[in-house]
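J.: Please find structure.tsv (TSV, C-alpha atoms (C1' of nucleotides)) on the next line:
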chain	number	residue	atom	x	y	z
A	1	MET	CA	124.88	43.89	-6.24
A	2	SER	CA	122.70	41.62	-8.33
A	3	ASN	CA	125.33	38.88	-8.68
A	4	SER	CA	125.49	36.91	-5.48
A	5	SER	CA	129.16	36.60	-4.88
A	6	PRO	CA	130.38	33.30	-3.45
A	7	THR	CA	130.18	33.46	0.32
A	8	ALA	CA	133.77	34.46	0.70
A	9	ALA	CA	135.18	36.70	3.38
A	10	ALA	CA	131.99	38.19	4.70
A	11	ALA	CA	133.34	41.65	5.40
A	12	THR	CA	134.57	42.20	1.87
A	13	ARG	CA	131.38	42.98	0.06
A	14	ILE	CA	131.28	45.15	-2.99
A	15	GLU	CA	129.92	48.34	-1.54
A	16	PRO	CA	128.16	51.05	-3.58
A	17	SER	CA	131.56	52.74	-3.27
A	18	SER	CA	129.96	56.13	-3.92
A	19	ASP	CA	131.14	55.92	-7.52
A	20	SER	CA	128.32	53.93	-8.97
A	21	HIS	CA	128.82	51.29	-11.60
A	22	VAL	CA	125.65	52.41	-13.31
A	23	ARG	CA	126.13	53.12	-16.99
A	24	ASP	CA	124.95	56.55	-18.06
A	25	ALA	CA	126.80	56.91	-21.35
A	26	SER	CA	123.59	57.83	-23.14
A	27	LEU	CA	122.77	60.69	-20.82
A	28	ARG	CA	126.42	61.74	-20.68
A	29	GLN	CA	126.26	62.96	-24.24
A	30	PHE	CA	123.96	65.78	-23.14
A	31	ALA	CA	125.12	69.12	-21.82
A	32	GLY	CA	121.92	69.41	-19.82
A	33	TYR	CA	122.69	66.27	-17.84
A	34	HIS	CA	126.19	67.45	-16.98
A	35	MET	CA	124.93	70.90	-16.22
A	36	LYS	CA	122.26	69.74	-13.82
A	37	ARG	CA	124.77	67.63	-11.93
A	38	ALA	CA	127.42	70.32	-11.83
A	39	TYR	CA	124.95	72.96	-10.80
A	40	ASN	CA	123.64	70.73	-8.02
A	41	VAL	CA	127.16	70.69	-6.61
A	42	LEU	CA	127.50	74.46	-6.76
A	43	ARG	CA	123.99	75.10	-5.49
A	44	SER	CA	124.11	72.83	-2.50
A	45	ASP	CA	127.47	74.19	-1.39
A	46	LEU	CA	126.41	77.79	-1.83
A	47	THR	CA	123.17	77.14	0.03
A	48	LYS	CA	125.20	75.86	2.97
A	49	CYS	CA	127.55	78.85	2.83
A	50	LEU	CA	124.73	81.39	2.76
A	51	GLU	CA	122.63	79.78	5.45
A	52	PRO	CA	124.60	81.22	8.41
A	53	LEU	CA	124.10	84.67	6.87
A	54	GLY	CA	120.33	84.18	6.80
A	55	LEU	CA	120.27	84.18	3.02
A	56	ARG	CA	119.03	81.72	0.48
A	57	ILE	CA	120.24	81.81	-3.10
A	58	THR	CA	117.26	83.70	-4.44
A	59	THR	CA	117.29	86.27	-1.65
A	60	TYR	CA	121.02	86.66	-2.12
A	61	SER	CA	120.73	87.24	-5.87
A	62	SER	CA	117.91	89.70	-5.31
A	63	LEU	CA	119.82	91.61	-2.67
A	64	ASN	CA	122.89	91.67	-4.88
A	65	LEU	CA	120.99	93.20	-7.78
A	66	ILE	CA	119.35	95.76	-5.50
A	67	VAL	CA	122.76	96.78	-4.18
A	68	GLU	CA	124.04	97.16	-7.73
A	69	ASN	CA	120.89	98.86	-9.02
A	70	PRO	CA	119.63	101.27	-6.40
A	71	GLY	CA	116.06	102.29	-7.04
A	72	ILE	CA	115.25	99.25	-9.15
A	73	ARG	CA	111.58	98.25	-9.15
A	74	GLN	CA	110.20	94.91	-8.13
A	75	SER	CA	109.04	93.98	-11.59
A	76	GLU	CA	112.38	94.89	-13.13
A	77	LEU	CA	114.10	92.74	-10.57
A	78	ALA	CA	111.72	89.88	-11.17
A	79	LEU	CA	112.30	90.12	-14.89
A	80	ALA	CA	116.07	90.21	-14.50
A	81	LEU	CA	116.12	87.13	-12.29
A	82	ASP	CA	113.36	85.31	-14.13
A	83	ILE	CA	111.24	85.10	-11.01
A	84	GLU	CA	107.46	85.45	-11.11
A	85	ARG	CA	106.23	88.67	-9.54
A	86	PRO	CA	104.18	86.98	-6.84
A	87	ASN	CA	107.22	85.02	-5.77
A	88	MET	CA	109.34	88.15	-5.80
A	89	VAL	CA	107.05	89.68	-3.21
A	90	VAL	CA	107.80	87.15	-0.50
A	91	ILE	CA	111.53	87.33	-1.19
A	92	LEU	CA	111.46	91.10	-0.73
A	93	ASP	CA	109.25	90.77	2.34
A	94	ASP	CA	111.99	88.65	3.82
A	95	LEU	CA	114.76	91.08	2.90
A	96	GLU	CA	112.72	94.01	4.19
A	97	GLN	CA	111.85	92.35	7.49
A	98	ARG	CA	115.52	91.71	8.10
A	99	GLY	CA	116.21	95.38	7.54
A	100	TRP	CA	118.35	94.80	4.48
A	101	ILE	CA	116.26	96.69	1.94
A	102	ASP	CA	113.79	99.55	1.84
A	103	ARG	CA	110.70	99.81	-0.31
A	104	ARG	CA	109.93	103.45	-0.93
A	105	ARG	CA	107.23	104.79	-3.19
A	106	VAL	CA	108.26	106.19	-6.55
A	107	GLU	CA	107.11	109.80	-6.75
A	108	THR	CA	106.51	109.73	-10.48
A	109	ASP	CA	104.62	106.43	-10.38
A	110	ARG	CA	102.91	105.73	-7.14
A	111	ARG	CA	102.09	102.15	-8.09
A	112	ALA	CA	105.73	101.16	-7.96
A	113	TYR	CA	108.31	100.69	-5.24
A	114	ALA	CA	111.92	101.74	-5.63
A	115	LEU	CA	114.15	99.21	-3.91
A	116	THR	CA	117.33	100.21	-2.14
A	117	ALA	CA	119.67	98.31	0.10
A	118	THR	CA	120.25	99.54	3.63
A	119	LEU	CA	123.75	99.78	5.05
A	120	ALA	CA	123.21	96.48	6.84
A	121	GLY	CA	121.99	95.04	3.56
A	122	LYS	CA	125.13	96.13	1.77
A	123	ARG	CA	127.27	94.64	4.49
A	124	VAL	CA	125.59	91.26	4.43
A	125	CYS	CA	125.71	91.29	0.65
A	126	GLU	CA	129.46	91.81	0.77
A	127	LYS	CA	129.82	88.88	3.11
A	128	ALA	CA	127.66	86.76	0.87
A	129	VAL	CA	129.72	87.63	-2.19
A	130	ALA	CA	132.87	86.69	-0.28
A	131	ALA	CA	131.31	83.39	0.75
A	132	ASP	CA	130.23	82.77	-2.83
A	133	LEU	CA	133.74	83.46	-4.10
A	134	ALA	CA	135.21	81.13	-1.53
A	135	SER	CA	132.76	78.42	-2.46
A	136	GLU	CA	133.46	78.67	-6.16
A	137	ASN	CA	137.19	78.91	-5.66
A	138	ARG	CA	136.94	75.63	-3.82
A	139	LEU	CA	134.67	73.86	-6.27
A	140	LEU	CA	136.33	75.17	-9.43
A	141	ARG	CA	139.86	74.73	-8.14
A	142	HIS	CA	140.60	72.06	-10.75
A	143	LEU	CA	139.77	74.38	-13.60
A	144	LYS	CA	142.49	76.53	-15.10
A	145	THR	CA	141.80	80.22	-15.57
A	146	GLU	CA	141.40	79.65	-19.26
A	147	GLU	CA	138.99	76.76	-18.74
A	148	LYS	CA	136.93	78.87	-16.40
A	149	LYS	CA	136.76	81.66	-18.94
A	150	LEU	CA	135.67	79.30	-21.69
A	151	LEU	CA	133.08	77.76	-19.39
A	152	LEU	CA	131.48	81.13	-18.66
A	153	MET	CA	131.56	82.03	-22.33
A	154	ALA	CA	129.85	78.82	-23.36
A	155	LEU	CA	127.20	79.18	-20.67
A	156	LYS	CA	126.55	82.75	-21.73
A	157	LYS	CA	126.11	81.69	-25.35
A	158	ILE	CA	123.58	79.06	-24.36
A	159	GLU	CA	121.68	81.50	-22.21
A	160	GLN	CA	121.53	84.04	-25.02
A	161	THR	CA	120.41	81.47	-27.57
A	162	GLY	CA	117.40	80.62	-25.46
B	1	MET	CA	106.62	88.64	-21.41
B	2	SER	CA	104.17	91.41	-22.35
B	3	ASN	CA	105.23	93.17	-25.52
B	4	SER	CA	103.71	96.56	-25.86
B	5	SER	CA	102.15	96.92	-29.25
B	6	PRO	CA	104.12	99.33	-31.41
B	7	THR	CA	102.50	102.71	-31.53
B	8	ALA	CA	103.59	105.94	-33.14
B	9	ALA	CA	104.13	107.76	-29.86
B	10	ALA	CA	106.03	104.89	-28.30
B	11	ALA	CA	109.32	106.76	-28.28
B	12	THR	CA	108.30	108.81	-25.27
B	13	ARG	CA	108.91	106.10	-22.69
B	14	ILE	CA	111.92	103.93	-22.11
B	15	GLU	CA	110.62	100.42	-22.58
B	16	PRO	CA	112.04	97.35	-20.79
B	17	SER	CA	113.14	96.33	-24.31
B	18	SER	CA	113.36	92.66	-23.28
B	19	ASP	CA	117.09	93.08	-22.90
B	20	SER	CA	117.10	94.49	-19.44
B	21	HIS	CA	119.25	97.41	-18.46
B	22	VAL	CA	119.74	95.89	-15.03
B	23	ARG	CA	123.37	95.64	-14.00
B	24	ASP	CA	124.42	92.19	-12.84
B	25	ALA	CA	128.18	92.46	-13.17
B	26	SER	CA	128.68	91.26	-9.62
B	27	LEU	CA	126.71	88.06	-10.12
B	28	ARG	CA	128.20	87.60	-13.58
B	29	GLN	CA	131.53	86.73	-12.07
B	30	PHE	CA	130.06	83.49	-10.72
B	31	ALA	CA	129.85	80.25	-12.65
B	32	GLY	CA	126.81	79.26	-10.62
B	33	TYR	CA	124.85	82.26	-11.82
B	34	HIS	CA	125.65	81.57	-15.44
B	35	MET	CA	124.99	77.89	-14.98
B	36	LYS	CA	121.59	78.38	-13.45
B	37	ARG	CA	120.54	80.66	-16.27
B	38	ALA	CA	121.92	78.41	-18.99
B	39	TYR	CA	120.39	75.33	-17.40
B	40	ASN	CA	117.03	77.04	-17.16
B	41	VAL	CA	117.13	77.50	-20.91
B	42	LEU	CA	117.99	73.85	-21.54
B	43	ARG	CA	115.55	72.55	-18.95
B	44	SER	CA	112.53	74.50	-20.06
B	45	ASP	CA	113.08	73.59	-23.69
B	46	LEU	CA	113.60	69.92	-22.94
B	47	THR	CA	110.52	69.88	-20.72
B	48	LYS	CA	108.49	71.18	-23.64
B	49	CYS	CA	110.01	68.62	-26.02
B	50	LEU	CA	109.32	65.69	-23.69
B	51	GLU	CA	105.81	66.70	-22.75
B	52	PRO	CA	104.14	65.30	-25.92
B	53	LEU	CA	105.85	61.97	-25.18
B	54	GLY	CA	104.34	61.86	-21.71
B	55	LEU	CA	107.73	62.21	-20.07
B	56	ARG	CA	109.15	64.67	-17.62
B	57	ILE	CA	112.88	65.13	-17.24
B	58	THR	CA	113.18	62.92	-14.17
B	59	THR	CA	111.07	60.12	-15.66
B	60	TYR	CA	113.06	60.39	-18.88
B	61	SER	CA	116.41	60.12	-17.10
B	62	SER	CA	115.16	57.21	-15.05
B	63	LEU	CA	113.82	55.38	-18.09
B	64	ASN	CA	117.06	56.04	-19.93
B	65	LEU	CA	119.16	54.50	-17.18
B	66	ILE	CA	116.84	51.51	-16.93
B	67	VAL	CA	117.19	50.92	-20.67
B	68	GLU	CA	120.95	51.10	-20.37
B	69	ASN	CA	121.12	49.05	-17.17
B	70	PRO	CA	118.62	46.22	-17.41
B	71	GLY	CA	117.93	44.70	-14.02
B	72	ILE	CA	119.04	47.77	-12.08
B	73	ARG	CA	117.43	48.14	-8.66
B	74	GLN	CA	115.45	51.10	-7.46
B	75	SER	CA	117.95	52.15	-4.88
B	76	GLU	CA	120.84	51.95	-7.34
B	77	LEU	CA	118.87	54.09	-9.74
B	78	ALA	CA	118.01	56.57	-7.02
B	79	LEU	CA	121.65	56.79	-6.02
B	80	ALA	CA	122.80	57.29	-9.60
B	81	LEU	CA	120.34	60.11	-10.22
B	82	ASP	CA	120.61	61.59	-6.75
B	83	ILE	CA	116.91	61.14	-6.11
B	84	GLU	CA	115.55	60.16	-2.70
B	85	ARG	CA	114.16	56.64	-2.62
B	86	PRO	CA	110.63	57.69	-1.71
B	87	ASN	CA	110.55	60.04	-4.66
B	88	MET	CA	111.92	57.34	-6.94
B	89	VAL	CA	108.91	55.20	-6.13
B	90	VAL	CA	106.37	57.58	-7.64
B	91	ILE	CA	108.51	58.11	-10.74
B	92	LEU	CA	108.66	54.36	-11.29
B	93	ASP	CA	104.94	54.02	-10.56
B	94	ASP	CA	104.37	56.42	-13.41
B	95	LEU	CA	106.68	54.55	-15.79
B	96	GLU	CA	105.14	51.23	-14.82
B	97	GLN	CA	101.57	52.40	-15.23
B	98	ARG	CA	102.38	53.58	-18.73
B	99	GLY	CA	103.74	50.15	-19.51
B	100	TRP	CA	107.28	51.32	-20.11
B	101	ILE	CA	109.03	49.38	-17.37
B	102	ASP	CA	108.58	46.17	-15.41
B	103	ARG	CA	109.33	45.61	-11.75
B	104	ARG	CA	110.13	41.98	-11.18
B	105	ARG	CA	111.26	40.45	-7.93
B	106	VAL	CA	114.92	39.56	-7.63
B	107	GLU	CA	115.17	35.84	-6.94
B	108	THR	CA	118.27	36.13	-4.80
B	109	ASP	CA	116.91	39.05	-2.77
B	110	ARG	CA	113.18	39.17	-2.56
B	111	ARG	CA	113.15	42.62	-1.02
B	112	ALA	CA	114.41	44.20	-4.20
B	113	TYR	CA	112.95	44.84	-7.62
B	114	ALA	CA	114.90	44.44	-10.83
B	115	LEU	CA	113.86	47.11	-13.29
B	116	THR	CA	113.70	46.47	-17.00
B	117	ALA	CA	112.30	48.51	-19.86
B	118	THR	CA	109.54	47.05	-21.98
B	119	LEU	CA	109.69	47.23	-25.76
B	120	ALA	CA	107.35	50.22	-25.65
B	121	GLY	CA	109.61	51.76	-23.04
B	122	LYS	CA	112.64	51.36	-25.23
B	123	ARG	CA	110.81	52.92	-28.14
B	124	VAL	CA	109.66	55.97	-26.24
B	125	CYS	CA	113.13	56.33	-24.78
B	126	GLU	CA	114.62	56.39	-28.26
B	127	LYS	CA	112.19	59.10	-29.24
B	128	ALA	CA	113.02	61.07	-26.13
B	129	VAL	CA	116.74	60.84	-26.82
B	130	ALA	CA	116.13	62.05	-30.35
B	131	ALA	CA	114.07	64.96	-29.03
B	132	ASP	CA	116.79	65.74	-26.51
B	133	LEU	CA	119.44	65.74	-29.20
B	134	ALA	CA	117.34	68.00	-31.38
B	135	SER	CA	116.79	70.37	-28.47
B	136	GLU	CA	120.46	70.60	-27.61
B	137	ASN	CA	121.53	70.90	-31.23
B	138	ARG	CA	119.27	73.90	-31.42
B	139	LEU	CA	120.31	75.52	-28.16
B	140	LEU	CA	124.04	74.80	-28.50
B	141	ARG	CA	124.18	75.68	-32.18
B	142	HIS	CA	126.43	78.65	-31.52
B	143	LEU	CA	129.05	76.50	-29.81
B	144	LYS	CA	131.80	74.95	-31.87
B	145	THR	CA	132.52	71.27	-31.40
B	146	GLU	CA	135.62	72.14	-29.47
B	147	GLU	CA	133.76	74.56	-27.22
B	148	LYS	CA	131.12	71.94	-26.54
B	149	LYS	CA	133.78	69.42	-25.61
B	150	LEU	CA	135.48	71.84	-23.25
B	151	LEU	CA	132.14	72.73	-21.70
B	152	LEU	CA	131.35	69.09	-20.89
B	153	MET	CA	134.84	68.58	-19.53
B	154	ALA	CA	134.60	71.57	-17.24
B	155	LEU	CA	131.17	70.56	-15.99
B	156	LYS	CA	132.42	67.06	-15.32
B	157	LYS	CA	135.34	68.39	-13.32
B	158	ILE	CA	133.04	70.49	-11.17
B	159	GLU	CA	130.73	67.57	-10.59
B	160	GLN	CA	133.60	65.35	-9.53
B	161	THR	CA	135.05	67.95	-7.22
B	162	GLY	CA	131.80	68.08	-5.29
C	1	DC	C1'	87.04	114.36	-20.37
C	2	DA	C1'	85.04	109.59	-19.62
C	3	DG	C1'	85.68	105.03	-20.00
C	4	DT	C1'	88.65	101.31	-20.89
C	5	DA	C1'	92.93	99.01	-20.80
C	6	DT	C1'	97.32	98.34	-18.78
C	7	DT	C1'	100.66	98.10	-15.16
C	8	DA	C1'	102.81	97.42	-10.24
C	9	DG	C1'	102.26	95.10	-6.50
C	10	DT	C1'	99.76	91.85	-3.76
C	11	DT	C1'	96.97	87.78	-2.11
C	12	DA	C1'	95.43	83.23	-2.47
C	13	DT	C1'	96.21	78.94	-4.17
C	14	DG	C1'	97.69	74.81	-6.24
C	15	DA	C1'	101.08	71.96	-8.70
C	16	DA	C1'	105.63	69.96	-8.75
C	17	DC	C1'	109.70	68.82	-6.61
C	18	DT	C1'	112.41	67.56	-2.56
C	19	DA	C1'	113.29	65.76	1.98
C	20	DT	C1'	112.36	63.05	6.39
C	21	DA	C1'	110.33	59.72	9.53
C	22	DA	C1'	107.98	55.53	10.09
C	23	DT	C1'	106.52	50.94	8.44
C	24	DC	C1'	106.72	46.15	6.35
C	25	DA	C1'	109.05	42.35	4.51
C	26	DT	C1'	113.29	40.26	3.76
C	27	DT	C1'	118.10	39.41	4.45
C	28	DA	C1'	122.43	39.73	7.09
C	29	DT	C1'	124.82	39.49	11.41
C	30	DA	C1'	126.24	38.48	16.18
D	1	DT	C1'	117.48	32.99	17.87
D	2	DA	C1'	117.60	37.77	18.56
D	3	DT	C1'	119.04	41.94	16.58
D	4	DA	C1'	120.48	44.88	13.04
D	5	DA	C1'	120.38	46.40	8.39
D	6	DT	C1'	118.35	46.76	3.75
D	7	DG	C1'	114.83	47.55	-0.21
D	8	DA	C1'	110.71	49.34	-1.04
D	9	DT	C1'	106.87	51.81	0.43
D	10	DT	C1'	103.59	55.19	2.78
D	11	DA	C1'	102.61	59.41	4.88
D	12	DT	C1'	103.79	63.90	5.33
D	13	DA	C1'	105.73	68.31	5.29
D	14	DG	C1'	108.75	71.88	3.37
D	15	DT	C1'	110.29	74.36	-0.77
D	16	DT	C1'	110.00	76.01	-5.11
D	17	DC	C1'	107.41	77.47	-9.05
D	18	DA	C1'	103.32	79.00	-11.60
D	19	DT	C1'	98.52	81.05	-12.27
D	20	DA	C1'	94.31	83.57	-11.41
D	21	DA	C1'	92.18	87.21	-9.22
D	22	DC	C1'	92.33	91.55	-6.88
D	23	DT	C1'	93.67	96.79	-5.64
D	24	DA	C1'	95.36	100.92	-6.80
D	25	DA	C1'	97.47	103.93	-9.98
D	26	DT	C1'	98.62	105.21	-14.60
D	27	DA	C1'	98.12	105.19	-19.74
D	28	DC	C1'	95.42	105.11	-23.72
D	29	DT	C1'	91.39	105.95	-26.88
D	30	DG	C1'	87.45	107.90	-28.73
Kindly present the structure from the file in structure tokens form.
T.:
Amino acid sequence: MSNSSPTAAAATRIEPSSDSHVRDASLRQFAGYHMKRAYNVLRSDLTKCLEPLGLRITTYSSLNLIVENPGIRQSELALALDIERPNMVVILDDLEQRGWIDRRRVETDRRAYALTATLAGKRVCEKAVAADLASENRLLRHLKTEEKKLLLMALKKIEQTG
Amino acid sequence: MSNSSPTAAAATRIEPSSDSHVRDASLRQFAGYHMKRAYNVLRSDLTKCLEPLGLRITTYSSLNLIVENPGIRQSELALALDIERPNMVVILDDLEQRGWIDRRRVETDRRAYALTATLAGKRVCEKAVAADLASENRLLRHLKTEEKKLLLMALKKIEQTG
DNA sequence: CAGTATTAGTTATGAACTATAATCATTATA
DNA sequence: TATAATGATTATAGTTCATAACTAATACTG
């Protein structure tokens, strides 16, 4: 607190109180500012929820898409998730070493790998999806179904505009 | 983003076609997935818009809050923006070296610095806000005023729940 | 068909961002 | 006065993100 309060009851100091008194009206007009803050909440909670499963968000998303798209190639996956190919490699190394995916050569194009999830991979993916649902149910519990729907729609529109 | 040059015989192969055929219905049920993708769009555009001004998003947000909260301290600013104090230091070093903010000792607490924006800092902040508005007007142009309002409300609710 | 270009995956690497521990000076507390 | 706590800083390491260069295989062009 910049204003030195009169030395009253010592214990009663104005604490940061977690809800800061800092004015951010200017930034509050921007969707990006709100979105970063809201996403931070979702991301940090999901990260915690996935950690006991041995997954991080990027490995989880990758595994999820492999489960849903058996035989997908690395570059397709990288494109879909907007991850650079070199970074995709280490993510898949991780998933492969844990026995959750297989990389098998494509017969018709021996440069490429077809990615498939193992049974264990499908199982852990299911658990991760459940954890994700639980996390979002918790963090979006104050949004009505309709609000949630409109939120997703708006986000989708922004994504497609870019 | 490598676009294959259009050739006559192009019809033989199924091209990635930029709009991927990858199924992501499972991830699409999650707000976090949509939010990350939408925020990526906003973030990368804003980063480009701020770059000619010599600002990055974090330095811009910091400068903005300093302009709006003259005399704010570093730790208050760090708390408001959810930035670790050590990382705040280098951001403020940058802003100070460019002559956009001043750090002056607080008389009543000589450990702390009171941060204020210089005239040049206020000017560049105005420009940055204008650039930000232009960016968002472009990227949210397909959202009606009402949709935009509901989006901000929903994001705010999520942030506060966390 | 030969030679070139392109593509899939990889390696190496560096930049940017984030997080933690330790330190110094100052202020608060017991 | 001694001890604890705070604001800012330094050093440092982990994490994420991006780029260039390389290999092997395929596609394209003359």
J.: With all atoms listed in the file counted and 8 Å as the cut-off, give the residues of chain B in contact with chain A, each with its shortest interatomic distance in Å and the pair that gives it, as CSV.
T.:
residue,atom,partner,partner_atom,distance
B:Ser20,CA,A:Ala80,CA,6.6
B:Val22,CA,A:Ala80,CA,6.8
B:Arg23,CA,A:Asn69,CA,6.4
B:Asp24,CA,A:Leu65,CA,6.2
B:Ser26,CA,A:Asn64,CA,7.5
B:Leu27,CA,A:Ser61,CA,7.4
B:Phe30,CA,A:Glu136,CA,7.5
B:Ala31,CA,A:Leu152,CA,6.3
B:Gly32,CA,A:Leu42,CA,6.2
B:His34,CA,A:Leu155,CA,6.0
B:Met35,CA,A:Leu155,CA,6.2
B:Lys36,CA,A:Tyr39,CA,6.9
B:Arg37,CA,A:Glu159,CA,6.1
B:Ala38,CA,A:Glu159,CA,4.5
B:Tyr39,CA,A:Met35,CA,6.5
B:Val41,CA,A:Gly162,CA,5.5
B:Leu42,CA,A:Gly32,CA,6.2
B:Arg43,CA,A:Gly32,CA,7.2
B:Ser61,CA,A:Leu27,CA,7.4
B:Asn64,CA,A:Leu27,CA,7.4
B:Leu65,CA,A:Asp24,CA,6.2
B:Glu68,CA,A:Arg23,CA,6.5
B:Asn69,CA,A:Arg23,CA,6.5
B:Glu76,CA,A:Val22,CA,7.7
B:Leu77,CA,A:Val22,CA,7.8
B:Leu79,CA,A:Ser20,CA,7.8
B:Ala80,CA,A:Ser20,CA,6.5
B:Thr108,CA,A:Ser4,CA,7.3
B:Asp132,CA,A:Phe30,CA,7.9
B:Leu133,CA,A:Phe30,CA,7.6
B:Glu136,CA,A:Phe30,CA,7.4
B:Leu139,CA,A:Thr161,CA,6.0
B:Leu140,CA,A:Ile158,CA,6.0
B:His142,CA,A:Lys157,CA,6.9
B:Leu143,CA,A:Ala154,CA,6.9
B:Glu147,CA,A:Ala154,CA,7.0
B:Lys148,CA,A:Ala154,CA,7.7
B:Leu150,CA,A:Leu151,CA,7.5
B:Leu151,CA,A:Leu151,CA,5.6
B:Leu152,CA,A:Ala31,CA,6.3
B:Ala154,CA,A:Leu151,CA,6.7
B:Leu155,CA,A:Ala38,CA,5.6
B:Lys156,CA,A:His34,CA,6.5
B:Lys157,CA,A:His142,CA,6.9
B:Ile158,CA,A:Ala38,CA,5.7
B:Glu159,CA,A:Ala38,CA,4.5
B:Thr161,CA,A:Leu139,CA,6.0
B:Gly162,CA,A:Val41,CA,5.5
J.: Output C-alpha atoms of each residue in that selection to a file, as a tab-separated table (two decimals), keeping the file's coordinate frame.
T.:
chain	number	residue	atom	x	y	z
B	20	SER	CA	117.10	94.49	-19.44
B	22	VAL	CA	119.74	95.89	-15.03
B	23	ARG	CA	123.37	95.64	-14.00
B	24	ASP	CA	124.42	92.19	-12.84
B	26	SER	CA	128.68	91.26	-9.62
B	27	LEU	CA	126.71	88.06	-10.12
B	30	PHE	CA	130.06	83.49	-10.72
B	31	ALA	CA	129.85	80.25	-12.65
B	32	GLY	CA	126.81	79.26	-10.62
B	34	HIS	CA	125.65	81.57	-15.44
B	35	MET	CA	124.99	77.89	-14.98
B	36	LYS	CA	121.59	78.38	-13.45
B	37	ARG	CA	120.54	80.66	-16.27
B	38	ALA	CA	121.92	78.41	-18.99
B	39	TYR	CA	120.39	75.33	-17.40
B	41	VAL	CA	117.13	77.50	-20.91
B	42	LEU	CA	117.99	73.85	-21.54
B	43	ARG	CA	115.55	72.55	-18.95
B	61	SER	CA	116.41	60.12	-17.10
B	64	ASN	CA	117.06	56.04	-19.93
B	65	LEU	CA	119.16	54.50	-17.18
B	68	GLU	CA	120.95	51.10	-20.37
B	69	ASN	CA	121.12	49.05	-17.17
B	76	GLU	CA	120.84	51.95	-7.34
B	77	LEU	CA	118.87	54.09	-9.74
B	79	LEU	CA	121.65	56.79	-6.02
B	80	ALA	CA	122.80	57.29	-9.60
B	108	THR	CA	118.27	36.13	-4.80
B	132	ASP	CA	116.79	65.74	-26.51
B	133	LEU	CA	119.44	65.74	-29.20
B	136	GLU	CA	120.46	70.60	-27.61
B	139	LEU	CA	120.31	75.52	-28.16
B	140	LEU	CA	124.04	74.80	-28.50
B	142	HIS	CA	126.43	78.65	-31.52
B	143	LEU	CA	129.05	76.50	-29.81
B	147	GLU	CA	133.76	74.56	-27.22
B	148	LYS	CA	131.12	71.94	-26.54
B	150	LEU	CA	135.48	71.84	-23.25
B	151	LEU	CA	132.14	72.73	-21.70
B	152	LEU	CA	131.35	69.09	-20.89
B	154	ALA	CA	134.60	71.57	-17.24
B	155	LEU	CA	131.17	70.56	-15.99
B	156	LYS	CA	132.42	67.06	-15.32
B	157	LYS	CA	135.34	68.39	-13.32
B	158	ILE	CA	133.04	70.49	-11.17
B	159	GLU	CA	130.73	67.57	-10.59
B	161	THR	CA	135.05	67.95	-7.22
B	162	GLY	CA	131.80	68.08	-5.29
J.: Give me the RMSD in Å over all C-alpha atoms, paired in order, after least-squares superposition of chain A onto chain B.
T.: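 So the superposition leaves a C-alpha RMSD of 3.6 Å.
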J.: Just need the residues of chain A within 12 Å of chain D, counting only C-alpha atoms (C1' of nucleotides), so spit them out as number ranges by chain.
T.: A: 56-58, 82-88, 105-112
J.: At a cut-off of 8 Å, can you tabulate as JSON lines every residue of chain C near chain A together with its closest atom pair and the distance in Å to one decimal, using only C-alpha atoms (C1' of nucleotides) and ordering rows by chain then number?
T.:
{"residue": "C:DA8", "atom": "C1'", "partner": "A:Arg111", "partner_atom": "CA", "distance": 5.2}
{"residue": "C:DG9", "atom": "C1'", "partner": "A:Ala112", "partner_atom": "CA", "distance": 7.1}
{"residue": "C:DT10", "atom": "C1'", "partner": "A:Pro86", "partner_atom": "CA", "distance": 7.3}
J.: Emit the selected residues as a short mmCIF file (atom, residue, chain, number, x, y, z; two decimals), in the coordinates of the input, including C-alpha atoms (C1' of nucleotides).
T.:
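The result, stored in part-v9.cif:
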data_model
loop_
_atom_site.label_atom_id
_atom_site.label_comp_id
_atom_site.auth_asym_id
_atom_site.auth_seq_id
_atom_site.Cartn_x
_atom_site.Cartn_y
_atom_site.Cartn_z
"C1'" DA C 8 102.81 97.42 -10.24
"C1'" DG C 9 102.26 95.10 -6.50
"C1'" DT C 10 99.76 91.85 -3.76
#
J.: So how many Å separate CA of Thr118 (chain B) and CA of Trp100 (chain B), to one decimal?
T.: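 If I compute the distance from CA of Thr118 (chain B) to CA of Trp100 (chain B), I get 5.2 Å.
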J.: Interatomic distance between CA of Ala130 (chain B) and CA of Cys49 (chain B)?
T.: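 Between CA of Ala130 (chain B) and CA of Cys49 (chain B) the gap is 10.0 Å.
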J.: Show me, as JSON, the centre and edge lengths in Å to one decimal of the axis-aligned box that covers every listed atom of region 9-22 of chain D with 6 Å on each side.
T.:
{"center_x": 101.2, "center_y": 71.7, "center_z": -3.5, "size_x": 30.1, "size_y": 51.7, "size_z": 29.6}
J.: Go ahead and compute the interatomic distance for C1' of DG14 (chain C) and CA of Leu50 (chain B), in Å to one decimal.
T.: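 Pair C1' of DG14 (chain C) / CA of Leu50 (chain B) returns 22.9 Å.
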J.: Excluding Gln97 (chain B) and any residue of its chain fewer than 5 positions from it, enumerate the residues within 12 Å of it, using all atoms listed in the file, and give them as a list in words.
T.: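 Within the cut-off, the hits are Gly54, Val90, Ile91, Leu92, Asp102, Arg103, Thr118 and Gly121 of chain B.
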